[in-house]
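The structure under discussion appears below in the form of structure tokens.
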Amino acid sequence: MTISFSRKDTEPMETARAAACHARGGTVPAGQSGLASWLPVVGLEIHAQISSNSKLFSGSQVQFAAPPNSLVSFFDASLPGTLPVLNRRCVEAAVMTGLALNCSINKKSLFDRKHYFYADLPAGYQITQKRVPIAVNGSLSYSLCIDNKMSRMVTKTVRIKQIQLEQDSGKSLHDDTRSQTLVDLNRAGVGLMEVVMEPDMCCGEEAAAAVRELQLILQTLGSSKAIMAEGQLRVDANVSVHHPGEPYGVRTEVKNINSVRFLAKAIDYEIQRQIEELENGGTILNETRAFDSKLGCTISMRDKEGKQDYRFMPEPNLPPLILYDAKSLPANRNHQQVVNIDWIRERLPDLPSVKRAKLVELYGILPEHSFTLLNEDGLAEYFENVIKHTQMKPKKVIGWVLKELLSYLKEHALAVKDSPVSSFLLADLLNLLERKEISSSAAKQVFEELWKGEGKTPLEIVKEKHLELLRDQEELEQICQAVIDRQEDEVMAIKAGNQKVLNKLIGLVQRATRGRSNPVLVKQILEKKLQSE
């Protein structure tokens with residue numbers, strides 16, 4: 001499926017796109033020739049593997065990294081006399097996804113054969129939905145930062161042209177050392193949803209944000225696991241550039257991008273490459289390119305100037321796919337044998353945008369924090385579990401989850417589910433801090449010990465390391481006086497009006513007490529002693 005870059009379809013949006021891109025640096029200035037700025041245009045085609053136990057038209061199991069050719073039925077191998085049987089689960093997943101993306105669901109959709117010949121496509125054609133897909137005319141809203149600042153976010157919308165059901169192909173494994181290609185048909189016939197986005201984006205950052213939001217929606221719905229590293233979400237990007245007010249330029253297609261980060265890099269590289277080519281007097285070829293992540297550039301694969309004839313034809317072995325809603329559902333039909341659009345609509349879970357709004361409303365956290373919580377798989381659930389078991393206010397808890405926990409997770413390349421510090425342990429630690437049994441600096445030391453995963457509780461670590469809050473007022477005053485006596489220059493600076501230097505003295509007291517002192521109390525004692533001198 002190719003994206004139409006019809007001037008008629010998108011002309012009303014060009015002024016808005018130009019303004020938005022320019023505001024965020026999306027337009028690309030021309031070179032020293034003094035020509036007007038360029039407008040990039042980006043559209044996406046996204047293939048999401050449907051989360052199903054069996055394939056789209058056969059009973060073969062779907063399993064990642066299974067031994068080669070171990071999950072292949074007679075139909076998958078295209079043996080004569082085999083016929084397709086449509087997987088109900090795949091249909092329901094596509095309807096669910098269409099509803100979540102604000103699409104109109106076609107009650108009657110059709111299957112087609114798309115012919116092309118390749119070693120990993122045994123039948124010589126792919127069963128897809130070209131004429132009448134299952135869902136059309138939707139939209140996806142996504143948010144992105146301005147100037148990489150989470151506090152400055154804008155929300156944008158990309159139109160969804162259609163969602164169609166289709167088969168995946170097998171996988172060709174190229175062995176360059178032996179100059180041979182091996183074919184694994186485990187993936188052949190696996191159900192895919194192809195989500196076709198209109199060319200409403202203007203840079204890699206926008207495309208990456210849109211795909212990430214789609215990924216979260218699919219995972220929330222359970223219609224696809226959407227793990228890009230396992231090939232469950234693959235993106236093709238169509239890119240062109242043109243001057244404002246002129247027709248769209250010739251587009252190139254960057255195929256099979258399997259990482260959100262690489263998607264942004266591939267699109268931005270391709271935009272810059274096309275601009276440089278045009279400004280140097282060259283022309284852009286209508287071609288398919290691949291992104292080389294090691295080199296950071298796109299590489300030509302094949303040109304598309306001579307349009308390939310896929311010889312589309314109706315799939316003769318599959319009748320039209322008929323769906324129903326509450327009004328059209330026949331009274332005499334077994335509900336287990338039909339797909340009811342309204343039944344699926346009523347069971348849609350809260351989508352990421354709704355979850356973010358609820359997090360902000362329930363816990364009073366910043367909107368940008370809600371994005372971080374949902375962007376990390378399992379982090380929102382972790383945060384809410386901590387809230388349930390601690391007396392600390394959510395606004396303070398979010399700081400510990402995002403600054404301490406998330407930093408450690410990223411430093412050690414761990415997922416939330418693999419964290420050695422459970423939500424219950426963190427809640428126990430924050431309770432100690434909230435009851436003022438330990439200081440914030442001591443709490444950080446305890447967290448560091450918890451990360452070692454030695455099975456100790458926060459209270460056990462506090463007692464073992466003698467990190468209890470220092471409650472002897474006389475001893476604390478003596479420590480503060482000793483710090484003042486040793487820091488004559490700092491004392492003079494504070495008396496001269498530089499109150500910021502006081503923080504240094506507080507830090508020195510904290511160091512002397514190994515983080516066991518209350519910074520607020522220390523500040524009060526220091527101020528009182530400095531005033532009396």
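Residues are referred to by chain and number: the chain letter is A, B, ... according to the order shown in the structure tokens, the number counts from 1 in that chain, and ligands are numbered separately from 1 in the order shown.
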| Residues near Ser51 of chain A, cut-off 8 Å, only C-alpha atoms, skip fewer than 4 positions along chain, as a list in words | Cys90, Ala93, Gly222, Ser223, Ser224 and Lys225 of chain A
| request: Identify, with DSSP run on backbone atoms, the residues in segment 178-410 of chain A assigned to strand (DSSP E), and express the list as JSON, numbers by chain. | output: {"A": [180, 181, 182, 183, 184, 191, 192, 193, 194, 195, 196, 197, 233, 234, 235, 236, 237, 238, 239, 240, 241, 242, 252, 253, 254, 255, 256, 257, 287, 288, 289, 290, 291, 292, 297, 298, 299, 300, 301, 302, 303, 313, 314, 321, 322]}
| message | With DSSP run on the backbone, what are the helix (DSSP H, G or I) residues within segment 226-419 of chain A? I'd like them as a VMD selection string. | response | chain A and resid 228 to 230 260 to 279 335 to 337 341 to 346 352 to 363 367 to 375 379 to 388 394 to 411 416 to 418
| What is the atom CA of Asp377 of chain A-atom CA of Leu426 of chain A distance in Å, reported with one decimal? | 18.1 Å
Could the residues of segment 197-272 of chain A that have an atom at most 10 Å from segment 140-148 of chain A be listed as CSV, each with its closest atom pair and the distance in Å to one decimal, counting only C-alpha atoms and ordered by chain and ascending residue number?
residue,atom,partner,partner_atom,distance
A:Met197,CA,A:Leu140,CA,9.0
A:Glu205,CA,A:Leu144,CA,7.8
A:Glu206,CA,A:Leu144,CA,7.1
A:Ala207,CA,A:Tyr142,CA,9.7
A:Ala208,CA,A:Leu144,CA,9.3
A:Ala209,CA,A:Leu144,CA,6.2
A:Ala210,CA,A:Tyr142,CA,5.6
A:Val211,CA,A:Tyr142,CA,8.8
A:Arg212,CA,A:Tyr142,CA,8.6
A:Glu213,CA,A:Tyr142,CA,6.1
A:Leu214,CA,A:Leu140,CA,7.7
A:Ile217,CA,A:Leu140,CA,9.9
Just all heavy atoms for this one: save the residues we selected as a PDB file, in the first residue's frame.
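What follows is the written file result33.pdb:
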ATOM      1  N   MET A 197      -0.857   6.074   7.431  1.00  0.00           N
ATOM      2  CA  MET A 197      -1.011   7.459   7.880  1.00  0.00           C
ATOM      3  C   MET A 197      -0.838   8.411   6.709  1.00  0.00           C
ATOM      4  O   MET A 197       0.052   8.236   5.877  1.00  0.00           O
ATOM      5  CB  MET A 197       0.014   7.781   8.970  1.00  0.00           C
ATOM      6  CG  MET A 197      -0.171   7.008  10.257  1.00  0.00           C
ATOM      7  SD  MET A 197       1.028   7.516  11.520  1.00  0.00           S
ATOM      8  CE  MET A 197       0.524   6.476  12.897  1.00  0.00           C
ATOM      9  N   GLU A 205      11.148  13.731  14.264  1.00  0.00           N
ATOM     10  CA  GLU A 205      10.664  13.818  15.637  1.00  0.00           C
ATOM     11  C   GLU A 205       9.154  13.599  15.698  1.00  0.00           C
ATOM     12  O   GLU A 205       8.647  12.897  16.571  1.00  0.00           O
ATOM     13  CB  GLU A 205      11.014  15.192  16.213  1.00  0.00           C
ATOM     14  CG  GLU A 205      10.629  15.369  17.670  1.00  0.00           C
ATOM     15  CD  GLU A 205      10.893  16.771  18.180  1.00  0.00           C
ATOM     16  OE1 GLU A 205      11.376  17.614  17.404  1.00  0.00           O
ATOM     17  OE2 GLU A 205      10.592  17.024  19.351  1.00  0.00           O
ATOM     18  N   GLU A 206       8.422  14.209  14.757  1.00  0.00           N
ATOM     19  CA  GLU A 206       6.969  14.036  14.729  1.00  0.00           C
ATOM     20  C   GLU A 206       6.604  12.586  14.423  1.00  0.00           C
ATOM     21  O   GLU A 206       5.727  12.003  15.065  1.00  0.00           O
ATOM     22  CB  GLU A 206       6.347  14.962  13.684  1.00  0.00           C
ATOM     23  CG  GLU A 206       6.314  16.411  14.087  1.00  0.00           C
ATOM     24  CD  GLU A 206       5.461  17.257  13.153  1.00  0.00           C
ATOM     25  OE1 GLU A 206       4.856  16.708  12.204  1.00  0.00           O
ATOM     26  OE2 GLU A 206       5.405  18.466  13.387  1.00  0.00           O
ATOM     27  N   ALA A 207       7.256  12.010  13.436  1.00  0.00           N
ATOM     28  CA  ALA A 207       6.967  10.625  13.061  1.00  0.00           C
ATOM     29  C   ALA A 207       7.247   9.683  14.215  1.00  0.00           C
ATOM     30  O   ALA A 207       6.460   8.766  14.499  1.00  0.00           O
ATOM     31  CB  ALA A 207       7.792  10.232  11.833  1.00  0.00           C
ATOM     32  N   ALA A 208       8.361   9.889  14.899  1.00  0.00           N
ATOM     33  CA  ALA A 208       8.719   9.031  16.029  1.00  0.00           C
ATOM     34  C   ALA A 208       7.686   9.151  17.149  1.00  0.00           C
ATOM     35  O   ALA A 208       7.301   8.153  17.765  1.00  0.00           O
ATOM     36  CB  ALA A 208      10.110   9.395  16.545  1.00  0.00           C
ATOM     37  N   ALA A 209       7.221  10.376  17.419  1.00  0.00           N
ATOM     38  CA  ALA A 209       6.220  10.575  18.477  1.00  0.00           C
ATOM     39  C   ALA A 209       4.901   9.904  18.111  1.00  0.00           C
ATOM     40  O   ALA A 209       4.242   9.300  18.965  1.00  0.00           O
ATOM     41  CB  ALA A 209       6.007  12.074  18.708  1.00  0.00           C
ATOM     42  N   ALA A 210       4.517   9.992  16.834  1.00  0.00           N
ATOM     43  CA  ALA A 210       3.271   9.359  16.383  1.00  0.00           C
ATOM     44  C   ALA A 210       3.352   7.840  16.507  1.00  0.00           C
ATOM     45  O   ALA A 210       2.411   7.181  16.969  1.00  0.00           O
ATOM     46  CB  ALA A 210       2.962   9.768  14.950  1.00  0.00           C
ATOM     47  N   VAL A 211       4.485   7.270  16.106  1.00  0.00           N
ATOM     48  CA  VAL A 211       4.649   5.814  16.179  1.00  0.00           C
ATOM     49  C   VAL A 211       4.695   5.351  17.626  1.00  0.00           C
ATOM     50  O   VAL A 211       4.117   4.310  17.976  1.00  0.00           O
ATOM     51  CB  VAL A 211       5.922   5.377  15.422  1.00  0.00           C
ATOM     52  CG1 VAL A 211       6.255   3.917  15.707  1.00  0.00           C
ATOM     53  CG2 VAL A 211       5.737   5.591  13.922  1.00  0.00           C
ATOM     54  N   ARG A 212       5.341   6.100  18.481  1.00  0.00           N
ATOM     55  CA  ARG A 212       5.406   5.727  19.900  1.00  0.00           C
ATOM     56  C   ARG A 212       4.012   5.742  20.517  1.00  0.00           C
ATOM     57  O   ARG A 212       3.650   4.854  21.299  1.00  0.00           O
ATOM     58  CB  ARG A 212       6.340   6.688  20.656  1.00  0.00           C
ATOM     59  CG  ARG A 212       6.464   6.389  22.152  1.00  0.00           C
ATOM     60  CD  ARG A 212       6.963   4.989  22.404  1.00  0.00           C
ATOM     61  NE  ARG A 212       7.058   4.666  23.817  1.00  0.00           N
ATOM     62  CZ  ARG A 212       6.746   3.501  24.351  1.00  0.00           C
ATOM     63  NH1 ARG A 212       6.285   2.509  23.597  1.00  0.00           N
ATOM     64  NH2 ARG A 212       6.883   3.297  25.640  1.00  0.00           N
ATOM     65  N   GLU A 213       3.191   6.746  20.154  1.00  0.00           N
ATOM     66  CA  GLU A 213       1.836   6.801  20.685  1.00  0.00           C
ATOM     67  C   GLU A 213       1.006   5.629  20.159  1.00  0.00           C
ATOM     68  O   GLU A 213       0.247   5.005  20.912  1.00  0.00           O
ATOM     69  CB  GLU A 213       1.174   8.133  20.306  1.00  0.00           C
ATOM     70  CG  GLU A 213      -0.198   8.360  20.920  1.00  0.00           C
ATOM     71  CD  GLU A 213      -0.164   8.576  22.425  1.00  0.00           C
ATOM     72  OE1 GLU A 213       0.947   8.784  22.986  1.00  0.00           O
ATOM     73  OE2 GLU A 213      -1.243   8.546  23.055  1.00  0.00           O
ATOM     74  N   LEU A 214       1.171   5.316  18.875  1.00  0.00           N
ATOM     75  CA  LEU A 214       0.468   4.165  18.301  1.00  0.00           C
ATOM     76  C   LEU A 214       0.895   2.876  19.008  1.00  0.00           C
ATOM     77  O   LEU A 214       0.064   2.012  19.314  1.00  0.00           O
ATOM     78  CB  LEU A 214       0.742   4.059  16.806  1.00  0.00           C
ATOM     79  CG  LEU A 214       0.159   2.828  16.107  1.00  0.00           C
ATOM     80  CD1 LEU A 214      -1.365   2.833  16.176  1.00  0.00           C
ATOM     81  CD2 LEU A 214       0.624   2.764  14.657  1.00  0.00           C
ATOM     82  N   ILE A 217      -0.860   2.592  22.276  1.00  0.00           N
ATOM     83  CA  ILE A 217      -2.276   2.266  22.087  1.00  0.00           C
ATOM     84  C   ILE A 217      -2.437   0.779  21.797  1.00  0.00           C
ATOM     85  O   ILE A 217      -3.291   0.099  22.380  1.00  0.00           O
ATOM     86  CB  ILE A 217      -2.879   3.125  20.958  1.00  0.00           C
ATOM     87  CG1 ILE A 217      -2.995   4.589  21.403  1.00  0.00           C
ATOM     88  CG2 ILE A 217      -4.253   2.592  20.537  1.00  0.00           C
ATOM     89  CD1 ILE A 217      -3.417   5.545  20.317  1.00  0.00           C
TER      90      ILE A 217
END
Using only C-alpha atoms, find each residue of segment 306-388 of chain A with at least one atom at most 12 Å away from an atom of segment 69-89 of chain A; report its shortest atom-to-atom pair and that distance in Å (one decimal), sort the rows by chain and rising residue number, and return the result as JSON lines.
{"residue": "A:Glu315", "atom": "CA", "partner": "A:Pro84", "partner_atom": "CA", "distance": 10.1}
{"residue": "A:Pro316", "atom": "CA", "partner": "A:Leu83", "partner_atom": "CA", "distance": 10.2}
{"residue": "A:Asn317", "atom": "CA", "partner": "A:Leu83", "partner_atom": "CA", "distance": 6.8}
{"residue": "A:Leu318", "atom": "CA", "partner": "A:Pro84", "partner_atom": "CA", "distance": 7.2}
{"residue": "A:Pro319", "atom": "CA", "partner": "A:Leu86", "partner_atom": "CA", "distance": 10.0}
{"residue": "A:Pro320", "atom": "CA", "partner": "A:Leu86", "partner_atom": "CA", "distance": 11.1}
{"residue": "A:Leu321", "atom": "CA", "partner": "A:Leu86", "partner_atom": "CA", "distance": 9.2}
{"residue": "A:Ile322", "atom": "CA", "partner": "A:Arg88", "partner_atom": "CA", "distance": 11.7}
{"residue": "A:Leu323", "atom": "CA", "partner": "A:Arg88", "partner_atom": "CA", "distance": 11.1}
{"residue": "A:Gln336", "atom": "CA", "partner": "A:Arg88", "partner_atom": "CA", "distance": 9.9}
{"residue": "A:Gln337", "atom": "CA", "partner": "A:Arg88", "partner_atom": "CA", "distance": 8.7}
{"residue": "A:Val338", "atom": "CA", "partner": "A:Arg88", "partner_atom": "CA", "distance": 8.6}
{"residue": "A:Val339", "atom": "CA", "partner": "A:Arg88", "partner_atom": "CA", "distance": 7.9}
{"residue": "A:Asn340", "atom": "CA", "partner": "A:Arg88", "partner_atom": "CA", "distance": 11.4}
{"residue": "A:Ile344", "atom": "CA", "partner": "A:Arg89", "partner_atom": "CA", "distance": 11.7}
| field | Nearby residues (only C-alpha atoms) at most 7 Å from Ser517 of chain A, same-chain spacing under 5 positions excluded, as a list in words | value |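 Once the nearby chain positions are removed, what remains is Ser439, Leu469, Leu470 and Gln510 of chain A.
Here atom CA of Lys463 of chain A stands at a distance of 25.6 Å from atom CA of Lys523 of chain A.
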| request: Could you tell me how far atom CA of Leu218 of chain A lies from atom CA of Ile365 of chain A, in Å and to one decimal? | output: 25.1 Å
| request: Find, counting only C-alpha atoms, the residue in A:Leu429, A:Asn137, A:Ser407, A:Val41 that gets nearest to Arg251 of chain A. | output: A:Val41
| Within 12 Å of Tyr363 of chain A using only C-alpha atoms, minus same-chain residues under 5 positions, as a list in words |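 Contacts, in chain order: Lys355, Arg356, Ala357, Lys358, His369, Ser370, Ala380, Phe383, Glu384, Ile387, Lys388, Met392, Lys393, Pro394, Lys395, Lys396, Val397 and Ile398 of chain A.
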Kindly save the residues from that selection, with all heavy atoms included, as a compact mmCIF listing (two decimals), in the first residue's frame.
# COMPACT_ATOMS: atom_id res chain seq x y z
N LYS A 355 -5.48 7.75 30.34
CA LYS A 355 -4.69 7.36 31.51
C LYS A 355 -3.85 8.53 32.01
O LYS A 355 -3.73 8.76 33.22
CB LYS A 355 -3.78 6.18 31.17
CG LYS A 355 -4.50 4.85 31.03
CD LYS A 355 -3.50 3.72 30.78
CE LYS A 355 -4.17 2.37 30.70
NZ LYS A 355 -3.20 1.29 30.46
N ARG A 356 -3.25 9.28 31.07
CA ARG A 356 -2.43 10.43 31.48
C ARG A 356 -3.28 11.46 32.21
O ARG A 356 -2.87 11.99 33.25
CB ARG A 356 -1.78 11.06 30.25
CG ARG A 356 -0.74 10.19 29.58
CD ARG A 356 -0.03 10.97 28.48
NE ARG A 356 0.70 10.07 27.60
CZ ARG A 356 0.31 9.73 26.39
NH1 ARG A 356 -0.79 10.22 25.87
NH2 ARG A 356 1.02 8.89 25.66
N ALA A 357 -4.45 11.75 31.64
CA ALA A 357 -5.33 12.74 32.27
C ALA A 357 -5.74 12.30 33.67
O ALA A 357 -5.81 13.12 34.60
CB ALA A 357 -6.56 12.96 31.39
N LYS A 358 -6.00 11.01 33.85
CA LYS A 358 -6.40 10.49 35.16
C LYS A 358 -5.25 10.59 36.16
O LYS A 358 -5.46 10.90 37.34
CB LYS A 358 -6.87 9.05 35.04
CG LYS A 358 -8.26 8.91 34.41
CD LYS A 358 -8.73 7.46 34.43
CE LYS A 358 -10.15 7.34 33.91
NZ LYS A 358 -10.64 5.93 33.94
N HIS A 369 5.11 14.57 33.51
CA HIS A 369 5.44 13.38 34.29
C HIS A 369 4.54 12.21 33.91
O HIS A 369 4.97 11.05 33.92
CB HIS A 369 5.30 13.67 35.78
CG HIS A 369 6.35 14.61 36.30
ND1 HIS A 369 6.24 15.29 37.50
CD2 HIS A 369 7.55 14.98 35.78
CE1 HIS A 369 7.32 16.04 37.68
NE2 HIS A 369 8.12 15.86 36.66
N SER A 370 3.29 12.50 33.56
CA SER A 370 2.37 11.43 33.14
C SER A 370 2.84 10.78 31.85
O SER A 370 2.65 9.58 31.64
CB SER A 370 0.95 11.98 32.97
OG SER A 370 0.84 12.83 31.84
N ALA A 380 3.89 3.26 35.32
CA ALA A 380 2.69 3.85 35.91
C ALA A 380 2.12 2.93 36.99
O ALA A 380 1.72 3.40 38.08
CB ALA A 380 1.64 4.11 34.83
N PHE A 383 4.34 3.16 40.05
CA PHE A 383 4.09 4.41 40.77
C PHE A 383 2.82 4.30 41.61
O PHE A 383 2.82 4.67 42.80
CB PHE A 383 3.97 5.55 39.75
CG PHE A 383 3.44 6.83 40.31
CD1 PHE A 383 4.21 7.62 41.16
CD2 PHE A 383 2.17 7.28 39.98
CE1 PHE A 383 3.71 8.82 41.67
CE2 PHE A 383 1.66 8.46 40.49
CZ PHE A 383 2.44 9.24 41.32
N GLU A 384 1.76 3.77 41.03
CA GLU A 384 0.49 3.68 41.76
C GLU A 384 0.58 2.67 42.91
O GLU A 384 -0.06 2.86 43.94
CB GLU A 384 -0.64 3.31 40.80
CG GLU A 384 -0.95 4.44 39.80
CD GLU A 384 -2.23 4.22 39.03
OE1 GLU A 384 -2.24 3.32 38.17
OE2 GLU A 384 -3.21 4.94 39.30
N ILE A 387 2.19 4.51 45.73
CA ILE A 387 1.22 5.43 46.33
C ILE A 387 0.31 4.70 47.33
O ILE A 387 0.01 5.21 48.42
CB ILE A 387 0.36 6.09 45.23
CG1 ILE A 387 1.21 7.02 44.35
CG2 ILE A 387 -0.81 6.87 45.85
CD1 ILE A 387 1.75 8.22 45.04
N LYS A 388 -0.10 3.48 46.98
CA LYS A 388 -1.03 2.72 47.82
C LYS A 388 -0.42 2.34 49.17
O LYS A 388 -1.13 2.14 50.16
CB LYS A 388 -1.47 1.44 47.10
CG LYS A 388 -2.39 1.68 45.92
CD LYS A 388 -2.70 0.36 45.24
CE LYS A 388 -3.55 0.57 43.99
NZ LYS A 388 -3.77 -0.72 43.26
N MET A 392 3.55 9.14 51.99
CA MET A 392 4.13 10.30 51.30
C MET A 392 3.19 10.78 50.19
O MET A 392 2.50 10.00 49.55
CB MET A 392 5.50 9.94 50.71
CG MET A 392 6.21 11.10 50.04
SD MET A 392 7.87 10.65 49.46
CE MET A 392 8.79 10.73 51.00
N LYS A 393 3.15 12.09 49.99
CA LYS A 393 2.28 12.67 48.97
C LYS A 393 2.78 12.30 47.57
O LYS A 393 3.99 12.20 47.34
CB LYS A 393 2.23 14.19 49.12
CG LYS A 393 1.51 14.64 50.39
CD LYS A 393 1.43 16.15 50.47
CE LYS A 393 0.67 16.58 51.73
NZ LYS A 393 0.59 18.05 51.84
N PRO A 394 1.84 12.11 46.63
CA PRO A 394 2.20 11.69 45.25
C PRO A 394 3.23 12.61 44.59
O PRO A 394 4.08 12.14 43.84
CB PRO A 394 0.87 11.72 44.52
CG PRO A 394 -0.15 11.47 45.57
CD PRO A 394 0.37 12.14 46.80
N LYS A 395 3.14 13.91 44.87
CA LYS A 395 4.08 14.85 44.23
C LYS A 395 5.52 14.59 44.65
O LYS A 395 6.45 14.88 43.89
CB LYS A 395 3.69 16.29 44.55
CG LYS A 395 2.42 16.75 43.84
CD LYS A 395 2.14 18.22 44.12
CE LYS A 395 0.90 18.69 43.37
NZ LYS A 395 0.60 20.11 43.62
N LYS A 396 5.69 14.07 45.87
CA LYS A 396 7.04 13.71 46.32
C LYS A 396 7.43 12.33 45.80
O LYS A 396 8.58 12.10 45.42
CB LYS A 396 7.12 13.73 47.85
CG LYS A 396 7.02 15.11 48.47
CD LYS A 396 7.19 15.02 49.99
CE LYS A 396 7.12 16.39 50.65
NZ LYS A 396 7.27 16.30 52.13
N VAL A 397 6.46 11.42 45.76
CA VAL A 397 6.73 10.06 45.27
C VAL A 397 7.20 10.08 43.83
O VAL A 397 8.12 9.36 43.45
CB VAL A 397 5.48 9.17 45.42
CG1 VAL A 397 5.71 7.81 44.78
CG2 VAL A 397 5.11 8.99 46.89
N ILE A 398 6.57 10.93 43.01
CA ILE A 398 6.91 10.97 41.58
C ILE A 398 8.38 11.33 41.39
O ILE A 398 9.05 10.83 40.48
CB ILE A 398 6.00 11.96 40.81
CG1 ILE A 398 6.15 11.78 39.30
CG2 ILE A 398 6.28 13.40 41.16
CD1 ILE A 398 5.59 10.50 38.76
| query | Skipping near chain neighbours, those fewer than 5 positions away, what residues fall within 12 Å of Ile50 of chain A using only C-alpha atoms, listed as a PyMOL selection string? | reply | chain A and resi 55-56+62-63+87-97+164-168+187+189-195+218-219+221-227+231-233
| query | Between A:Cys297, A:Leu373, A:Leu101, A:Val520, which one has atoms that come closest to Gln162 of chain A, using only C-alpha atoms? | reply |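 Using only C-alpha atoms, Gln162 of chain A sits closest to A:Leu101.
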| Could you name the residues that touch Asp428 of chain A at 12 Å or less, counting only C-alpha atoms, but leaving out those on the same chain fewer than 2 positions away, as a ChimeraX atom specification? | /A:385-392,397,421-426,430-435,437-438,443,446-447,450,456-462
